[in-house]
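Visitor: This one is work.cif, mmCIF, C-alpha atoms (C1' of nucleotides).
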data_final
#
loop_
_atom_site.label_atom_id
_atom_site.label_comp_id
_atom_site.auth_asym_id
_atom_site.auth_seq_id
_atom_site.Cartn_x
_atom_site.Cartn_y
_atom_site.Cartn_z
CA MET A 139 111.86 151.12 144.81
CA TYR A 140 114.71 151.64 147.23
CA LYS A 141 112.75 153.49 149.91
CA GLN A 142 113.39 150.84 152.52
CA LEU A 143 117.10 150.83 151.76
CA ARG A 144 117.19 154.61 151.98
CA GLN A 145 115.53 154.54 155.38
CA GLN A 146 118.09 152.13 156.75
CA ILE A 147 121.03 154.05 155.38
CA ASN A 148 119.61 157.26 156.77
CA LYS A 149 119.86 155.76 160.21
CA ILE A 150 123.59 155.63 159.72
CA ILE A 151 124.54 158.64 157.59
CA ASP A 152 122.72 161.50 155.90
CA LEU A 153 122.83 161.25 152.15
CA THR A 154 121.58 163.80 149.65
CA ASP A 155 119.20 162.53 146.98
CA GLU A 156 122.03 162.69 144.48
CA GLU A 157 124.35 160.67 146.65
CA PHE A 158 121.71 158.05 147.30
CA ASP A 159 120.79 157.84 143.62
CA TYR A 160 124.42 157.38 142.76
CA PHE A 161 124.62 154.65 145.36
CA THR A 162 121.65 152.83 143.87
CA THR A 163 123.13 152.80 140.38
CA PHE A 164 125.35 150.02 141.72
CA ALA A 165 122.59 148.07 143.43
CA LYS A 166 121.33 144.81 142.01
CA LEU A 167 118.08 143.16 142.99
CA LYS A 168 117.85 139.42 143.39
CA LYS A 169 115.07 137.03 144.29
CA LEU A 170 115.90 133.86 146.13
CA ARG A 171 113.71 130.84 146.62
CA ARG A 172 113.56 128.99 149.91
CA LYS A 173 116.76 126.98 150.52
CA GLU A 174 118.62 128.75 147.73
CA LEU A 175 122.18 129.83 148.46
CA VAL A 176 123.37 133.32 147.66
CA LEU A 177 126.93 132.51 148.72
CA THR A 178 128.52 129.08 148.77
CA GLU A 179 131.66 128.20 150.68
CA GLY A 180 134.69 128.32 148.45
CA GLU A 181 133.38 131.36 146.58
CA VAL A 182 134.69 134.82 147.28
CA CYS A 183 132.09 137.11 148.84
CA ARG A 184 132.00 140.05 146.46
CA HIS A 185 128.79 141.72 147.60
CA ALA A 186 127.13 143.14 150.63
CA TYR A 187 123.55 141.90 150.94
CA PHE A 188 120.59 143.88 152.15
CA VAL A 189 117.45 141.91 152.99
CA LYS A 190 114.36 143.50 151.47
CA THR A 191 111.93 140.76 152.42
CA GLY A 192 112.36 137.29 153.80
CA CYS A 193 115.21 135.84 155.79
CA LEU A 194 118.80 134.78 155.34
CA ARG A 195 120.90 132.46 157.44
CA TYR A 196 124.63 132.11 157.29
CA PHE A 197 126.29 128.90 158.34
CA TYR A 198 129.56 127.06 157.97
CA THR A 199 130.43 123.42 158.03
CA VAL A 200 132.74 121.81 160.54
CA GLN A 201 133.34 118.08 160.18
CA GLY A 202 130.16 117.66 158.21
CA GLU A 203 128.07 119.60 160.71
CA GLN A 204 126.38 122.88 159.95
CA HIS A 205 126.95 125.68 162.45
CA THR A 206 124.54 128.55 162.14
CA GLY A 207 126.22 131.91 162.63
CA GLN A 208 123.31 134.29 162.36
CA PHE A 209 119.86 134.99 160.92
CA PHE A 210 119.03 138.17 159.03
CA PHE A 211 115.56 139.56 158.48
CA GLU A 212 114.04 142.53 156.70
CA SER A 213 116.31 145.58 156.54
CA ALA A 214 119.39 143.78 157.83
CA TRP A 215 122.78 143.91 156.12
CA TYR A 216 125.19 141.07 155.75
CA ALA A 217 128.41 140.12 154.06
CA ASP A 218 131.08 137.63 154.99
CA TYR A 219 133.44 140.38 156.03
CA GLU A 220 136.39 138.08 156.18
CA SER A 221 136.13 137.00 152.57
CA PHE A 222 134.72 140.33 151.44
CA LEU A 223 137.69 142.22 152.82
CA SER A 224 140.47 139.77 152.17
CA GLY A 225 139.32 138.44 148.80
CA GLN A 226 139.92 134.92 150.10
CA PRO A 227 137.38 132.15 149.48
CA SER A 228 134.60 132.21 152.03
CA ARG A 229 134.03 129.37 154.44
CA GLN A 230 130.45 130.44 154.85
CA ASN A 231 127.21 129.67 153.10
CA ILE A 232 124.43 132.19 152.97
CA GLU A 233 121.03 130.67 152.44
CA ALA A 234 117.48 131.95 152.13
CA LEU A 235 115.23 130.30 154.72
CA GLU A 236 112.15 131.71 153.02
CA ASN A 237 111.56 133.16 149.60
CA THR A 238 113.66 136.26 149.95
CA GLU A 239 114.40 139.45 148.06
CA ILE A 240 117.78 141.02 148.49
CA ILE A 241 119.67 144.04 147.24
CA MET A 242 123.29 143.37 146.39
CA ILE A 243 126.00 146.02 146.52
CA PRO A 244 129.24 144.96 144.84
CA LYS A 245 132.46 145.39 146.74
CA THR A 246 133.90 147.23 143.75
CA ALA A 247 131.11 149.79 144.02
CA LEU A 248 131.81 150.35 147.69
CA GLU A 249 135.49 150.84 147.03
CA LYS A 250 134.63 153.39 144.35
CA LEU A 251 132.28 155.16 146.72
CA TYR A 252 134.85 155.17 149.52
CA GLN A 253 137.29 156.94 147.26
CA GLU A 254 134.91 159.37 145.61
CA VAL A 255 132.69 160.36 148.52
CA PRO A 256 134.27 160.70 151.98
CA LYS A 257 130.87 160.26 153.54
CA PHE A 258 130.84 156.66 152.39
CA GLU A 259 134.12 155.99 154.08
CA LYS A 260 132.39 156.97 157.26
CA PHE A 261 129.50 154.70 156.35
CA GLY A 262 131.95 151.85 155.90
CA ARG A 263 133.50 152.52 159.27
CA LEU A 264 130.16 152.67 161.04
CA MET A 265 129.02 149.46 159.40
CA ALA A 266 132.17 147.67 160.47
CA GLU A 267 131.80 148.99 163.99
CA LYS A 268 128.19 147.86 164.10
CA ALA A 269 129.13 144.45 162.80
CA PHE A 270 131.76 144.21 165.48
CA MET A 271 129.31 144.97 168.24
CA GLY A 272 126.81 142.47 166.92
CA LEU A 273 129.43 139.78 166.88
CA ARG A 274 130.59 140.62 170.36
CA GLN A 275 127.10 140.21 171.72
CA ARG A 276 126.87 136.85 170.02
CA THR A 277 130.27 135.79 171.34
CA GLU A 278 129.37 136.69 174.89
CA MET A 279 126.13 134.78 174.62
CA ILE A 280 128.04 131.66 173.65
CA THR A 281 130.83 132.02 176.16
CA ASN A 282 128.95 133.22 179.24
CA GLN A 283 125.63 131.48 179.15
CA SER A 284 124.42 127.92 179.49
CA PRO A 285 122.37 126.54 176.61
CA GLU A 286 119.20 127.05 178.63
CA GLU A 287 120.07 130.66 179.40
CA ARG A 288 120.86 131.25 175.75
CA TYR A 289 117.48 129.95 174.72
CA LEU A 290 115.61 131.96 177.35
CA ASN A 291 117.46 135.08 176.28
CA LEU A 292 116.67 134.47 172.67
CA ILE A 293 112.98 134.19 173.51
CA LYS A 294 113.17 137.45 175.40
CA GLN A 295 115.27 139.38 172.92
CA ARG A 296 114.14 138.05 169.56
CA PRO A 297 110.73 136.43 170.08
CA LYS A 298 109.80 136.70 166.43
CA LEU A 299 112.82 134.66 165.49
CA ILE A 300 111.54 131.72 167.53
CA GLU A 301 108.25 131.69 165.67
CA ARG A 302 109.76 132.13 162.28
CA ILE A 303 112.75 129.80 162.29
CA PRO A 304 112.58 125.98 162.44
CA GLN A 305 113.77 124.64 165.74
CA HIS A 306 116.76 122.69 164.51
CA TYR A 307 118.23 125.86 163.02
CA ILE A 308 117.76 127.58 166.35
CA ALA A 309 119.51 124.68 168.06
CA SER A 310 122.38 125.06 165.64
CA TYR A 311 122.49 128.79 166.30
CA LEU A 312 122.55 128.19 170.07
CA GLY A 313 125.33 125.66 169.69
CA VAL A 314 123.42 122.56 170.82
CA LYS A 315 121.95 119.48 169.14
CA PRO A 316 118.26 119.50 168.19
CA GLN A 317 117.59 116.78 170.77
CA SER A 318 119.12 118.91 173.48
CA LEU A 319 117.07 121.95 172.55
CA SER A 320 113.97 119.79 172.66
CA ARG A 321 114.85 118.71 176.21
CA ILE A 322 115.65 122.27 177.23
CA ARG A 323 112.20 123.32 176.06
CA LYS A 324 110.67 120.49 178.02
CA ARG A 325 112.48 121.57 181.19
CA ILE A 326 111.34 125.15 180.74
CA ILE A 327 107.71 124.16 180.27
CA GLN A 328 107.72 121.92 183.34
CA ASN A 329 109.53 124.30 185.70
CA PRO A 330 107.99 127.80 185.58
CA MET B 14 159.78 158.19 170.64
CA TYR B 15 156.84 157.06 168.61
CA LYS B 16 158.75 155.04 166.04
CA GLN B 17 157.09 151.79 166.97
CA LEU B 18 153.65 153.39 166.75
CA ARG B 19 154.50 154.86 163.39
CA GLN B 20 155.55 151.46 162.06
CA GLN B 21 152.31 149.87 163.09
CA ILE B 22 150.19 152.62 161.61
CA ASN B 23 152.17 152.47 158.39
CA LYS B 24 151.03 148.90 158.00
CA ILE B 25 147.49 150.21 157.74
CA ILE B 26 147.69 153.60 156.03
CA ASP B 27 150.41 155.84 154.67
CA LEU B 28 150.82 159.00 156.65
CA THR B 29 153.04 161.95 155.88
CA ASP B 30 155.39 163.12 158.61
CA GLU B 31 153.08 166.07 159.24
CA GLU B 32 150.02 163.89 159.57
CA PHE B 33 151.77 161.53 161.95
CA ASP B 34 153.15 164.40 164.03
CA TYR B 35 149.68 165.84 164.24
CA PHE B 36 148.41 162.46 165.34
CA THR B 37 151.01 162.21 168.09
CA THR B 38 150.09 165.59 169.56
CA PHE B 39 147.05 163.78 170.97
CA ALA B 40 148.93 160.76 172.26
CA LYS B 41 149.52 160.25 175.96
CA LEU B 42 152.06 157.87 177.43
CA LYS B 43 151.25 155.84 180.51
CA LYS B 44 153.17 153.34 182.59
CA LEU B 45 151.28 150.57 184.31
CA ARG B 46 152.54 148.29 187.02
CA ARG B 47 151.72 144.60 187.04
CA LYS B 48 148.06 143.99 188.00
CA GLU B 49 147.16 147.64 187.51
CA LEU B 50 143.91 148.38 185.67
CA VAL B 51 143.80 150.89 182.85
CA LEU B 52 140.03 150.52 182.48
CA THR B 53 137.62 149.38 185.17
CA GLU B 54 134.13 148.13 184.50
CA GLY B 55 131.59 150.86 185.01
CA GLU B 56 133.89 153.49 183.49
CA VAL B 57 133.43 154.72 179.95
CA CYS B 58 136.25 153.71 177.63
CA ARG B 59 137.46 157.03 176.24
CA HIS B 60 140.77 155.95 174.78
CA ALA B 61 142.27 153.53 172.36
CA TYR B 62 145.33 151.83 173.83
CA PHE B 63 148.49 150.90 172.02
CA VAL B 64 150.85 148.53 173.81
CA LYS B 65 154.42 149.76 173.66
CA THR B 66 155.92 147.14 175.95
CA GLY B 67 154.41 144.54 178.20
CA CYS B 68 151.05 142.91 178.06
CA LEU B 69 147.40 143.76 178.61
CA ARG B 70 144.48 141.45 179.27
CA TYR B 71 140.85 142.37 179.06
CA PHE B 72 138.29 140.47 181.07
CA TYR B 73 134.77 140.81 182.32
CA THR B 74 132.98 139.41 185.30
CA VAL B 75 129.98 137.10 185.13
CA GLN B 76 128.53 135.94 188.43
CA GLY B 77 131.75 136.68 190.22
CA GLU B 78 133.86 134.83 187.66
CA GLN B 79 136.43 136.47 185.45
CA HIS B 80 136.24 135.68 181.77
CA THR B 81 139.32 136.60 179.81
CA GLY B 82 138.50 138.06 176.41
CA GLN B 83 141.93 138.60 174.95
CA PHE B 84 145.61 139.29 175.58
CA PHE B 85 147.50 142.10 173.87
CA PHE B 86 151.26 142.29 173.50
CA GLU B 87 153.73 144.74 172.04
CA SER B 88 152.36 146.78 169.12
CA ALA B 89 148.76 145.65 169.55
CA TRP B 90 145.83 148.04 169.75
CA TYR B 91 142.84 147.74 171.98
CA ALA B 92 139.76 149.59 173.10
CA ASP B 93 136.42 148.38 174.38
CA TYR B 94 134.71 149.28 171.15
CA GLU B 95 131.29 148.89 172.60
CA SER B 96 131.81 151.47 175.30
CA PHE B 97 134.17 153.53 173.19
CA LEU B 98 131.61 153.93 170.44
CA SER B 99 128.42 154.12 172.44
CA GLY B 100 129.68 156.17 175.38
CA GLN B 101 128.01 153.65 177.69
CA PRO B 102 129.85 152.33 180.77
CA SER B 103 132.13 149.46 179.93
CA ARG B 104 131.59 146.00 181.33
CA GLN B 105 135.23 145.20 180.76
CA ASN B 106 138.38 145.56 182.77
CA ILE B 107 141.71 146.07 181.10
CA GLU B 108 144.64 145.00 183.20
CA ALA B 109 148.41 144.94 182.82
CA LEU B 110 149.75 141.43 183.35
CA GLU B 111 153.30 142.74 183.44
CA ASN B 112 154.75 146.18 183.92
CA THR B 113 153.49 147.76 180.75
CA GLU B 114 153.87 150.96 178.78
CA ILE B 115 150.97 152.11 176.68
CA ILE B 116 150.14 154.98 174.38
CA MET B 117 146.62 156.34 174.79
CA ILE B 118 144.70 158.07 172.02
CA PRO B 119 141.59 159.88 173.22
CA LYS B 120 138.34 159.23 171.42
CA THR B 121 137.88 162.97 171.04
CA ALA B 122 141.16 163.13 169.14
CA LEU B 123 140.10 160.38 166.79
CA GLU B 124 136.80 162.11 166.10
CA LYS B 125 138.66 165.30 165.32
CA LEU B 126 141.03 163.44 163.01
CA TYR B 127 138.17 161.66 161.27
CA GLN B 128 136.62 165.00 160.44
CA GLU B 129 139.74 166.87 159.52
CA VAL B 130 141.70 164.25 157.61
CA PRO B 131 139.78 161.80 155.40
CA LYS B 132 142.66 159.41 155.57
CA PHE B 133 141.95 158.83 159.23
CA GLU B 134 138.39 157.91 158.49
CA LYS B 135 139.82 155.15 156.39
CA PHE B 136 142.12 154.24 159.22
CA GLY B 137 139.12 154.00 161.52
CA ARG B 138 137.30 151.77 159.08
CA LEU B 139 140.25 149.46 158.62
CA MET B 140 140.79 149.19 162.36
CA ALA B 141 137.14 148.30 162.89
CA GLU B 142 137.31 145.72 160.13
CA LYS B 143 140.43 144.23 161.61
CA ALA B 144 138.87 144.11 165.04
CA PHE B 145 135.90 142.34 163.55
CA MET B 146 138.02 139.66 161.94
CA GLY B 147 139.98 139.10 165.12
CA LEU B 148 136.80 138.64 167.08
CA ARG B 149 135.38 136.28 164.50
CA GLN B 150 138.41 134.06 164.73
CA ARG B 151 138.03 134.00 168.49
CA THR B 152 134.32 133.24 168.24
CA GLU B 153 134.88 130.34 165.91
CA MET B 154 137.54 128.93 168.16
CA ILE B 155 135.09 128.91 171.05
CA THR B 156 132.12 127.57 169.11
CA ASN B 157 133.74 124.97 166.89
CA GLN B 158 136.51 123.47 168.93
CA SER B 159 136.72 121.33 172.03
CA PRO B 160 138.76 122.72 174.91
CA GLU B 161 141.59 120.39 173.99
CA GLU B 162 141.58 121.51 170.36
CA ARG B 163 141.53 125.12 171.49
CA TYR B 164 144.58 124.59 173.64
CA LEU B 165 146.48 122.73 170.94
CA ASN B 166 145.68 125.48 168.47
CA LEU B 167 146.81 128.12 170.86
CA ILE B 168 150.14 126.35 171.28
CA LYS B 169 150.51 126.20 167.53
CA GLN B 170 149.37 129.71 166.73
CA ARG B 171 150.62 131.74 169.67
CA PRO B 172 153.35 129.71 171.36
CA LYS B 173 154.87 132.75 173.04
CA LEU B 174 151.60 133.43 174.79
CA ILE B 175 151.76 130.06 176.53
CA GLU B 176 155.17 130.82 177.97
CA ARG B 177 154.36 134.33 178.99
CA ILE B 178 150.90 134.04 180.54
CA PRO B 179 150.06 132.20 183.77
CA GLN B 180 148.09 129.07 183.14
CA HIS B 181 144.90 130.04 184.94
CA TYR B 182 144.53 133.08 182.69
CA ILE B 183 144.94 130.85 179.68
CA ALA B 184 142.26 128.55 181.06
CA SER B 185 139.97 131.52 181.47
CA TYR B 186 140.73 132.60 177.91
CA LEU B 187 139.96 129.11 176.61
CA GLY B 188 136.71 129.02 178.53
CA VAL B 189 137.57 126.23 180.97
CA LYS B 190 138.44 125.97 184.65
CA PRO B 191 142.12 125.87 185.67
CA GLN B 192 141.68 122.28 186.89
CA SER B 193 140.39 121.25 183.50
CA LEU B 194 143.25 122.86 181.64
CA SER B 195 145.66 121.04 183.93
CA ARG B 196 143.98 117.74 183.02
CA ILE B 197 144.00 118.61 179.34
CA ARG B 198 147.74 119.22 179.52
CA LYS B 199 148.20 115.90 181.28
CA ARG B 200 146.27 114.09 178.54
CA ILE B 201 148.35 115.75 175.85
CA ILE B 202 151.64 114.82 177.48
CA GLN B 203 150.61 111.19 177.95
CA ASN B 204 149.15 110.65 174.46
CA PRO B 205 151.54 111.89 171.74
"C1'" DC C 74 97.04 109.07 151.98
"C1'" DG C 75 101.98 108.40 152.01
"C1'" DT C 76 106.56 109.99 152.23
"C1'" DC C 77 109.96 112.88 154.05
"C1'" DT C 78 111.53 115.79 157.49
"C1'" DA C 79 111.29 117.72 162.11
"C1'" DT C 80 110.63 116.99 166.86
"C1'" DT C 81 110.35 114.30 170.91
"C1'" DT C 82 111.66 110.62 174.09
"C1'" DG C 83 114.67 106.95 176.19
"C1'" DA C 84 118.98 104.90 177.78
"C1'" DA C 85 123.87 104.94 177.99
"C1'" DT C 86 128.10 107.59 177.63
"C1'" DG C 87 131.59 111.18 177.92
"C1'" DT C 88 133.55 115.29 179.39
"C1'" DA C 89 133.92 119.38 182.04
"C1'" DC C 90 132.45 120.83 186.46
"C1'" DT C 91 132.35 121.06 191.68
"C1'" DC C 92 134.33 120.24 196.03
"C1'" DA C 93 138.32 119.07 198.36
"C1'" DA C 94 142.98 118.57 199.23
"C1'" DA C 95 147.80 117.97 198.14
"C1'" DA C 96 151.94 119.42 195.88
"C1'" DG C 97 154.71 122.97 193.71
"C1'" DC C 98 156.65 127.56 193.44
"C1'" DG C 99 158.04 132.35 194.45
"C1'" DG C 100 158.81 135.84 197.48
"C1'" DT C 101 159.53 137.77 202.28
"C1'" DG C 102 161.44 138.15 206.57
"C1'" DG C 103 163.75 136.19 210.41
"C1'" DC D 205 169.95 130.11 204.28
"C1'" DC D 206 165.92 128.47 205.68
"C1'" DA D 207 160.99 128.71 207.24
"C1'" DC D 208 156.76 130.36 206.25
"C1'" DC D 209 153.02 132.33 203.50
"C1'" DG D 210 150.21 133.04 199.55
"C1'" DC D 211 149.19 131.75 195.18
"C1'" DT D 212 149.29 128.43 191.29
"C1'" DT D 213 148.98 123.95 189.54
"C1'" DT D 214 147.92 119.23 190.05
"C1'" DT D 215 145.23 115.22 191.51
"C1'" DG D 216 141.10 112.61 193.20
"C1'" DA D 217 136.22 111.46 193.62
"C1'" DG D 218 131.61 112.36 192.59
"C1'" DT D 219 128.15 115.03 189.86
"C1'" DA D 220 125.73 117.41 186.12
"C1'" DC D 221 124.51 118.02 181.66
"C1'" DA D 222 124.90 117.69 176.67
"C1'" DT D 223 125.97 114.09 173.49
"C1'" DT D 224 125.32 109.75 170.99
"C1'" DC D 225 122.62 106.08 169.26
"C1'" DA D 226 118.19 104.55 168.55
"C1'" DA D 227 113.44 104.79 167.90
"C1'" DA D 228 108.81 106.71 168.22
"C1'" DT D 229 105.71 110.50 167.28
"C1'" DA D 230 104.25 114.55 164.93
"C1'" DG D 231 103.88 117.71 160.97
"C1'" DA D 232 104.41 119.34 156.30
"C1'" DC D 233 103.81 118.83 151.57
"C1'" DG D 234 103.00 116.62 147.44
#
Please, can you express the file's structure as structure tokens?
Guide:
Amino acid sequence: MYKQLRQQINKIIDLTDEEFDYFTTFAKLKKLRRKELVLTEGEVCRHAYFVKTGCLRYFYTVQGEQHTGQFFFESAWYADYESFLSGQPSRQNIEALENTEIIMIPKTALEKLYQEVPKFEKFGRLMAEKAFMGLRQRTEMITNQSPEERYLNLIKQRPKLIERIPQHYIASYLGVKPQSLSRIRKRIIQNP
Amino acid sequence: MYKQLRQQINKIIDLTDEEFDYFTTFAKLKKLRRKELVLTEGEVCRHAYFVKTGCLRYFYTVQGEQHTGQFFFESAWYADYESFLSGQPSRQNIEALENTEIIMIPKTALEKLYQEVPKFEKFGRLMAEKAFMGLRQRTEMITNQSPEERYLNLIKQRPKLIERIPQHYIASYLGVKPQSLSRIRKRIIQNP
DNA sequence: CGTCTATTTGAATGTACTCAAAAGCGGTGG
DNA sequence: CCACCGCTTTTGAGTACATTCAAATAGACG
């Protein structure tokens, strides 16, 4: 049932069977249909989400425009840390781009685990550190690279993403308009 | 001696006098002159830095150009998390913009503290979470706002920074050329 | 097949960039 | 005290590239 989850957690900390079983008593499964939201802006993010199958996208809206923050595929974790930690309403939306199965861990459960089992405090730290590094990579991509470079890098580093995600979402993720991404692709095809 | 440090840490976790004293046994003081680097790209970041007085800037170089990531003033913490955590050479430089006094905490000390005192594990988690939120704010500023909006926001949110930091560093922080920032300022002065 | 959405293409526009040079400012030494 | 030097900031002119507005084409799904 939770084998996949166990594998991912094992990459971060070693849990005994008991500890993992205890962890899973708090887990909730949820199935999402394509385009369904698991978090809507204005709500407080009270869960961490683990993608079992499918794909999530988080985005936020600025002046009526959607900005895509990130995509998450099988075995990835996500939560809107800002809302999750502060308890403030989230400005993000988290949406399933395909029919998607997720495992939800309530914040309250994590807090309980942090207190009861020191090992989970370490888990929490490592997750936050990992999240930080992921975001930094993303930030550098946006600040240091031209749209064309960003797209070429994405092809190189996450080729499966290109095949799986509709182009206008990729444009939004790269920080350009769909028309611009279309032209970028054209340029790339014409010039080796 | 370490009163200022104690105050800042108290904002995050409660430490007993003994715990704090133990913590400070690992601390090292360092004075930096203006323009001096405390971390150079290629080195591994083995310390967390706490600014006692003065100001630090971290930047990295892309195709010969400096990109300023962030400024840190009195009572701020910094470390290149990526290098600090992974042990890989840093791509960042950390520089004093003024004569600056810092307190350095070795990574090895933190690891020891994490193991020995559970409370510090929590401290580590909270610091990572805080770092994450700071970076996210920065990322959104870059992705969602025009250079002019970024500058106006900076004036509003960190007015002291504007007075204290030379303009070309601010331009670099905002992701524009110094000439462009100069023109932005001109526009702002002319139009209310 | 027809409708709706996604992608592509075209033309005009705007904004930051580059290259270049002038003006401003701070510090040093005569 | 002033003259000079290096560095910062400003200004000008021309360019590059993503954007906007608009429309055509292509694909997906009922």
Visitor: Taking the file as shown, find all residues satisfying the PyMOL selection byres ((chain B) within 12 of (chain A)) and write them as a PyMOL selection string.
Guide: chain B and resi 72-82+93-99+104-105+124+127-158+185-189
Visitor: Take the residues just selected and output them with C-alpha atoms as a PDB file, in the coordinates of the input.
Guide:
ATOM      1  CA  PHE B  72     138.290 140.470 181.070  1.00  0.00           C
ATOM      2  CA  TYR B  73     134.770 140.810 182.320  1.00  0.00           C
ATOM      3  CA  THR B  74     132.980 139.410 185.300  1.00  0.00           C
ATOM      4  CA  VAL B  75     129.980 137.100 185.130  1.00  0.00           C
ATOM      5  CA  GLN B  76     128.530 135.940 188.430  1.00  0.00           C
ATOM      6  CA  GLY B  77     131.750 136.680 190.220  1.00  0.00           C
ATOM      7  CA  GLU B  78     133.860 134.830 187.660  1.00  0.00           C
ATOM      8  CA  GLN B  79     136.430 136.470 185.450  1.00  0.00           C
ATOM      9  CA  HIS B  80     136.240 135.680 181.770  1.00  0.00           C
ATOM     10  CA  THR B  81     139.320 136.600 179.810  1.00  0.00           C
ATOM     11  CA  GLY B  82     138.500 138.060 176.410  1.00  0.00           C
ATOM     12  CA  ASP B  93     136.420 148.380 174.380  1.00  0.00           C
ATOM     13  CA  TYR B  94     134.710 149.280 171.150  1.00  0.00           C
ATOM     14  CA  GLU B  95     131.290 148.890 172.600  1.00  0.00           C
ATOM     15  CA  SER B  96     131.810 151.470 175.300  1.00  0.00           C
ATOM     16  CA  PHE B  97     134.170 153.530 173.190  1.00  0.00           C
ATOM     17  CA  LEU B  98     131.610 153.930 170.440  1.00  0.00           C
ATOM     18  CA  SER B  99     128.420 154.120 172.440  1.00  0.00           C
ATOM     19  CA  ARG B 104     131.590 146.000 181.330  1.00  0.00           C
ATOM     20  CA  GLN B 105     135.230 145.200 180.760  1.00  0.00           C
ATOM     21  CA  GLU B 124     136.800 162.110 166.100  1.00  0.00           C
ATOM     22  CA  TYR B 127     138.170 161.660 161.270  1.00  0.00           C
ATOM     23  CA  GLN B 128     136.620 165.000 160.440  1.00  0.00           C
ATOM     24  CA  GLU B 129     139.740 166.870 159.520  1.00  0.00           C
ATOM     25  CA  VAL B 130     141.700 164.250 157.610  1.00  0.00           C
ATOM     26  CA  PRO B 131     139.780 161.800 155.400  1.00  0.00           C
ATOM     27  CA  LYS B 132     142.660 159.410 155.570  1.00  0.00           C
ATOM     28  CA  PHE B 133     141.950 158.830 159.230  1.00  0.00           C
ATOM     29  CA  GLU B 134     138.390 157.910 158.490  1.00  0.00           C
ATOM     30  CA  LYS B 135     139.820 155.150 156.390  1.00  0.00           C
ATOM     31  CA  PHE B 136     142.120 154.240 159.220  1.00  0.00           C
ATOM     32  CA  GLY B 137     139.120 154.000 161.520  1.00  0.00           C
ATOM     33  CA  ARG B 138     137.300 151.770 159.080  1.00  0.00           C
ATOM     34  CA  LEU B 139     140.250 149.460 158.620  1.00  0.00           C
ATOM     35  CA  MET B 140     140.790 149.190 162.360  1.00  0.00           C
ATOM     36  CA  ALA B 141     137.140 148.300 162.890  1.00  0.00           C
ATOM     37  CA  GLU B 142     137.310 145.720 160.130  1.00  0.00           C
ATOM     38  CA  LYS B 143     140.430 144.230 161.610  1.00  0.00           C
ATOM     39  CA  ALA B 144     138.870 144.110 165.040  1.00  0.00           C
ATOM     40  CA  PHE B 145     135.900 142.340 163.550  1.00  0.00           C
ATOM     41  CA  MET B 146     138.020 139.660 161.940  1.00  0.00           C
ATOM     42  CA  GLY B 147     139.980 139.100 165.120  1.00  0.00           C
ATOM     43  CA  LEU B 148     136.800 138.640 167.080  1.00  0.00           C
ATOM     44  CA  ARG B 149     135.380 136.280 164.500  1.00  0.00           C
ATOM     45  CA  GLN B 150     138.410 134.060 164.730  1.00  0.00           C
ATOM     46  CA  ARG B 151     138.030 134.000 168.490  1.00  0.00           C
ATOM     47  CA  THR B 152     134.320 133.240 168.240  1.00  0.00           C
ATOM     48  CA  GLU B 153     134.880 130.340 165.910  1.00  0.00           C
ATOM     49  CA  MET B 154     137.540 128.930 168.160  1.00  0.00           C
ATOM     50  CA  ILE B 155     135.090 128.910 171.050  1.00  0.00           C
ATOM     51  CA  THR B 156     132.120 127.570 169.110  1.00  0.00           C
ATOM     52  CA  ASN B 157     133.740 124.970 166.890  1.00  0.00           C
ATOM     53  CA  GLN B 158     136.510 123.470 168.930  1.00  0.00           C
ATOM     54  CA  SER B 185     139.970 131.520 181.470  1.00  0.00           C
ATOM     55  CA  TYR B 186     140.730 132.600 177.910  1.00  0.00           C
ATOM     56  CA  LEU B 187     139.960 129.110 176.610  1.00  0.00           C
ATOM     57  CA  GLY B 188     136.710 129.020 178.530  1.00  0.00           C
ATOM     58  CA  VAL B 189     137.570 126.230 180.970  1.00  0.00           C
TER      59      VAL B 189
END
Visitor: As a VMD selection string, could you give me every residue of chain A near chain D (at most 10 Å apart, counting all atoms listed in the file)?
Guide: chain A and resid 285 314 to 315 317 to 319
Visitor: The PyMOL selection byres ((chain A) within 10 of (chain C)) - which residues does that actually catch in the file I just gave you? List them as a ChimeraX atom specification.
Guide: /A:304-306,316-317,319-321,324
Visitor: Between atom CA of B:Ser88 and atom CA of B:Ile183, what is the distance in Å, rounded to a tenth?
Guide: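 Atom CA of B:Ile183 lies at a distance of 20.5 Å from atom CA of B:Ser88.
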Visitor: What would the list of residues within 10 Å of (116.2, 152.1, 148.6) (file frame) look like as a list in words, if all atoms listed in the file are what count?
Guide: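 The residues that fall inside the cut-off are Met139, Tyr140, Lys141, Gln142, Leu143, Arg144, Gln145, Gln146, Ile147, Phe158, Asp159, Phe161, Thr162, Ala165, Phe188, Lys190 and Ile241 of chain A.
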Visitor: Between atom CA of B:Leu42 and atom CA of B:Leu126, what is the distance in Å, rounded to a tenth?
Guide: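 Distance reported for this atom pair: 19.0 Å.
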Visitor: Just how far from atom CA of B:Tyr91 is atom CA of B:Tyr62, in Å to one decimal?
Guide: 5.1 Å
Visitor: Restricting the calculation to all atoms listed in the file, which member of B:Leu123, B:Ile115, B:Ala184, B:Cys68 is positioned closest to B:Arg47?
Guide: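 Closest candidate: B:Cys68.
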